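A short write-up of the structure that comes next.
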Amino acid sequence: MRSALRLAVGTVILFGTWACAGTPGPGQADYPFNLSGAYAGEMAVEGQYFSVGMDVQTRQGGDLAGTYEVTSPVSMSGEVTGSVQADTVRFSLNYMNPMDGCGGTVDGTGTIEEGGGAFSGRMRVNDSCAGYISGTFSLKK
């Protein structure tokens with residue numbers, strides 16, 4: 001009885017170790033949906049297109065961190081935070097528009113291309129002057 005119990009416990013431990021070792025998670029090497037490096041593209045809000053770049057990194061456990069820079073038609077920059085889960089990215093950034101003095105937050109949710117070469121989706125802007133506005137984003141390496 002005792003040896004059967006040891007065998008069962010050993011089998012469970014061995015199987016659990018094998019199962020965990022074979023599948024990388026967000027932020028680990030070889031995870032197919034990690035975002036890493038410089039991306040460029042656009043954000044669109046109510047027919048207005050903004051040229052934007054993001055330099056981001058998926059960290060261990062799926063946390064996303066980095067910076068953004070809007071280069072046209074206005075210049076803004078700051079930090080990006082968020083997460084990567086499966087093939088989905090969620091990010092948030094704060095901004096202050098120097099042209100009109102309005103600021104706010106952008107919260108985006110989108111799909112990551114396998115290999116991490118691009119991501120795109122929808123975003124919600126909470127602007128201090130205009131309130132809530134919907135938009136889209138699309139960035140690639």
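Numbering starts fresh at 1 for the residues of each chain in the structure tokens, the chains themselves are lettered A, B, ... in the order given, and ligands are numbered from 1 as they appear.
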7 Å contact set for range 43-54 of chain A, only C-alpha atoms, chain neighbours under 6 positions out, as a short mmCIF file (atom, residue, chain, number, x, y, z; two decimals) with N, CA, C and O atoms, in the first residue's frame:
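And here's part05.cif as it stands now:
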```cif
data_model
loop_
_atom_site.label_atom_id
_atom_site.label_comp_id
_atom_site.auth_asym_id
_atom_site.auth_seq_id
_atom_site.Cartn_x
_atom_site.Cartn_y
_atom_site.Cartn_z
N THR A 67 6.95 52.57 -23.35
CA THR A 67 6.69 53.98 -23.62
C THR A 67 5.95 54.13 -24.94
O THR A 67 5.96 53.22 -25.78
N TYR A 68 5.30 55.28 -25.10
CA TYR A 68 4.65 55.60 -26.37
C TYR A 68 5.08 57.00 -26.79
O TYR A 68 5.50 57.82 -25.97
N GLU A 69 4.95 57.27 -28.10
CA GLU A 69 5.20 58.60 -28.62
C GLU A 69 4.26 58.85 -29.79
O GLU A 69 4.23 58.08 -30.74
N VAL A 70 3.48 59.91 -29.71
CA VAL A 70 2.65 60.37 -30.81
C VAL A 70 3.47 61.43 -31.54
O VAL A 70 3.97 62.36 -30.91
N THR A 71 3.61 61.28 -32.87
CA THR A 71 4.46 62.21 -33.62
C THR A 71 3.67 63.12 -34.56
O THR A 71 4.21 64.13 -34.99
N SER A 72 2.44 62.76 -34.87
CA SER A 72 1.65 63.58 -35.79
C SER A 72 0.17 63.32 -35.55
O SER A 72 -0.21 62.18 -35.30
N PRO A 73 -0.67 64.28 -35.59
CA PRO A 73 -0.49 65.69 -35.90
C PRO A 73 -0.06 66.53 -34.70
O PRO A 73 0.05 67.74 -34.79
N SER A 134 -14.65 56.46 -28.65
CA SER A 134 -14.15 55.17 -29.13
C SER A 134 -13.14 55.38 -30.24
O SER A 134 -13.19 56.37 -30.96
N GLY A 135 -12.24 54.42 -30.39
CA GLY A 135 -11.26 54.49 -31.45
C GLY A 135 -10.67 53.13 -31.75
O GLY A 135 -11.08 52.12 -31.19
N THR A 136 -9.68 53.12 -32.64
CA THR A 136 -8.98 51.90 -33.01
C THR A 136 -7.47 52.16 -32.99
O THR A 136 -7.04 53.31 -33.04
N PHE A 137 -6.71 51.07 -32.95
CA PHE A 137 -5.25 51.17 -33.05
C PHE A 137 -4.73 50.01 -33.86
O PHE A 137 -5.33 48.94 -33.92
N SER A 138 -3.59 50.24 -34.51
CA SER A 138 -2.92 49.20 -35.29
C SER A 138 -1.43 49.52 -35.30
O SER A 138 -1.04 50.60 -35.77
#
```
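The smallest atom-to-atom distance between Gly121 in chain A and any of A:Met76, A:Val89, A:Ala40, A:Met99, using only C-alpha atoms, is found for A:Val89.
Picture a line from CA of Tyr95 in chain A to CA of Asn34 in chain A; it runs 24.9 Å.
We find CA of Gly110 in chain A and CA of Gln85 in chain A to be spaced 10.7 Å apart.
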As a check of understanding: the span from CA of Asn97 in chain A to CA of Lys140 in chain A is 24.0 Å
Apply DSSP to the structure's backbone, then extract all residues of chain A labelled strand (DSSP E or B) and return them as a count of residues only.
80
If we count only C-alpha atoms, what is near Ser83 in chain A at a cut-off of 6 Å, once residues fewer than 3 positions away on the same chain are taken out, given as a PDB file with all heavy atoms, in the first residue's frame?
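The result, stored in around.pdb:
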```pdb
ATOM      1  N   GLY A  62       3.286  38.121 -17.832  1.00  0.00           N
ATOM      2  CA  GLY A  62       2.385  38.797 -18.753  1.00  0.00           C
ATOM      3  C   GLY A  62       2.239  40.291 -18.569  1.00  0.00           C
ATOM      4  O   GLY A  62       1.492  40.931 -19.315  1.00  0.00           O
ATOM      5  N   ASP A  63       2.928  40.894 -17.593  1.00  0.00           N
ATOM      6  CA  ASP A  63       2.856  42.351 -17.452  1.00  0.00           C
ATOM      7  C   ASP A  63       3.505  43.013 -18.661  1.00  0.00           C
ATOM      8  O   ASP A  63       4.534  42.552 -19.162  1.00  0.00           O
ATOM      9  CB  ASP A  63       3.566  42.824 -16.183  1.00  0.00           C
ATOM     10  CG  ASP A  63       2.823  42.451 -14.928  1.00  0.00           C
ATOM     11  OD1 ASP A  63       1.611  42.184 -14.994  1.00  0.00           O
ATOM     12  OD2 ASP A  63       3.457  42.416 -13.854  1.00  0.00           O
ATOM     13  N   LEU A  64       2.909  44.084 -19.122  1.00  0.00           N
ATOM     14  CA  LEU A  64       3.416  44.832 -20.265  1.00  0.00           C
ATOM     15  C   LEU A  64       3.855  46.207 -19.775  1.00  0.00           C
ATOM     16  O   LEU A  64       3.121  46.863 -19.026  1.00  0.00           O
ATOM     17  CB  LEU A  64       2.320  44.983 -21.333  1.00  0.00           C
ATOM     18  CG  LEU A  64       2.727  45.650 -22.630  1.00  0.00           C
ATOM     19  CD1 LEU A  64       3.593  44.692 -23.461  1.00  0.00           C
ATOM     20  CD2 LEU A  64       1.501  46.052 -23.425  1.00  0.00           C
ATOM     21  N   VAL A  89      -3.837  41.633 -25.916  1.00  0.00           N
ATOM     22  CA  VAL A  89      -3.105  42.684 -25.221  1.00  0.00           C
ATOM     23  C   VAL A  89      -4.113  43.689 -24.665  1.00  0.00           C
ATOM     24  O   VAL A  89      -5.112  44.008 -25.318  1.00  0.00           O
ATOM     25  CB  VAL A  89      -2.087  43.396 -26.148  1.00  0.00           C
ATOM     26  CG1 VAL A  89      -2.769  44.078 -27.321  1.00  0.00           C
ATOM     27  CG2 VAL A  89      -1.247  44.401 -25.370  1.00  0.00           C
ATOM     28  N   ARG A  90      -3.853  44.145 -23.465  1.00  0.00           N
ATOM     29  CA  ARG A  90      -4.604  45.244 -22.856  1.00  0.00           C
ATOM     30  C   ARG A  90      -3.572  46.265 -22.408  1.00  0.00           C
ATOM     31  O   ARG A  90      -2.578  45.907 -21.784  1.00  0.00           O
ATOM     32  CB  ARG A  90      -5.418  44.753 -21.664  1.00  0.00           C
ATOM     33  CG  ARG A  90      -6.592  43.907 -22.052  1.00  0.00           C
ATOM     34  CD  ARG A  90      -7.406  43.440 -20.832  1.00  0.00           C
ATOM     35  NE  ARG A  90      -8.602  42.739 -21.225  1.00  0.00           N
ATOM     36  CZ  ARG A  90      -8.642  41.486 -21.667  1.00  0.00           C
ATOM     37  NH1 ARG A  90      -7.537  40.791 -21.770  1.00  0.00           N
ATOM     38  NH2 ARG A  90      -9.780  40.930 -22.016  1.00  0.00           N
TER      39      ARG A  90
END
```
Where in chain A does DSSP assign alpha helix (DSSP H), given as number ranges by chain?
A: 2-22
Test item: residues at most 9 Å from Asp87 in chain A, only C-alpha atoms, excluding those fewer than 6 positions along its chain, as an mmCIF file with N, CA, C and O atoms, in the first residue's frame:
```cif
data_model
loop_
_atom_site.group_PDB
_atom_site.id
_atom_site.type_symbol
_atom_site.label_atom_id
_atom_site.label_comp_id
_atom_site.auth_asym_id
_atom_site.auth_seq_id
_atom_site.Cartn_x
_atom_site.Cartn_y
_atom_site.Cartn_z
ATOM 1 N N PRO A 32 4.480 32.598 -28.008
ATOM 2 C CA PRO A 32 4.239 33.127 -29.353
ATOM 3 C C PRO A 32 3.564 34.490 -29.427
ATOM 4 O O PRO A 32 3.490 35.069 -30.507
ATOM 5 N N PHE A 33 3.085 35.026 -28.296
ATOM 6 C CA PHE A 33 2.367 36.302 -28.358
ATOM 7 C C PHE A 33 3.029 37.401 -27.514
ATOM 8 O O PHE A 33 2.393 38.408 -27.207
ATOM 9 N N ASN A 34 4.298 37.219 -27.164
ATOM 10 C CA ASN A 34 5.014 38.281 -26.461
ATOM 11 C C ASN A 34 5.164 39.494 -27.370
ATOM 12 O O ASN A 34 5.378 39.355 -28.574
ATOM 13 N N GLY A 110 -6.757 44.457 -27.719
ATOM 14 C CA GLY A 110 -6.627 43.977 -29.086
ATOM 15 C C GLY A 110 -6.015 42.600 -29.174
ATOM 16 O O GLY A 110 -5.698 41.965 -28.171
ATOM 17 N N THR A 111 -5.820 42.178 -30.401
ATOM 18 C CA THR A 111 -5.284 40.864 -30.709
ATOM 19 C C THR A 111 -3.840 40.998 -31.171
ATOM 20 O O THR A 111 -3.512 41.883 -31.955
ATOM 21 N N ILE A 112 -3.003 40.078 -30.681
ATOM 22 C CA ILE A 112 -1.589 40.045 -31.051
ATOM 23 C C ILE A 112 -1.407 39.007 -32.155
ATOM 24 O O ILE A 112 -1.887 37.875 -32.039
ATOM 25 N N GLU A 113 -0.713 39.386 -33.202
ATOM 26 C CA GLU A 113 -0.371 38.460 -34.278
ATOM 27 C C GLU A 113 0.623 37.426 -33.742
ATOM 28 O O GLU A 113 1.537 37.774 -32.981
ATOM 29 N N GLU A 114 0.451 36.166 -34.112
ATOM 30 C CA GLU A 114 1.384 35.138 -33.653
ATOM 31 C C GLU A 114 2.791 35.517 -34.067
ATOM 32 O O GLU A 114 3.035 35.945 -35.193
#
```
For Gly116 in chain A: contacts at 12 Å, only C-alpha atoms, fewer than 6 positions along chain excluded, given as a PyMOL selection string:
chain A and resi 26-27+30-39+56-58+84+86-89+139-141
Using only C-alpha atoms, the shortest atom-to-atom distance to Pro98 in chain A among A:Ser75, A:Thr81, A:Asn126, A:Gln60 belongs to A:Ser75
*asked:* List as a VMD selection string the protein and nucleic acid residues near Ala130 in chain A, meaning an atom at most 12 Å away when only C-alpha atoms are counted, but skip any in the same chain fewer than 2 places from it.
replied: chain A and resid 45 to 46 100 to 105 125 to 128 132 to 134
Distance criterion (only C-alpha atoms): nearest to Val80 in chain A out of A:Gly117, A:Gly131, A:Gly61, A:Gly108
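Result for the nearest residue to Val80 in chain A: A:Gly108.
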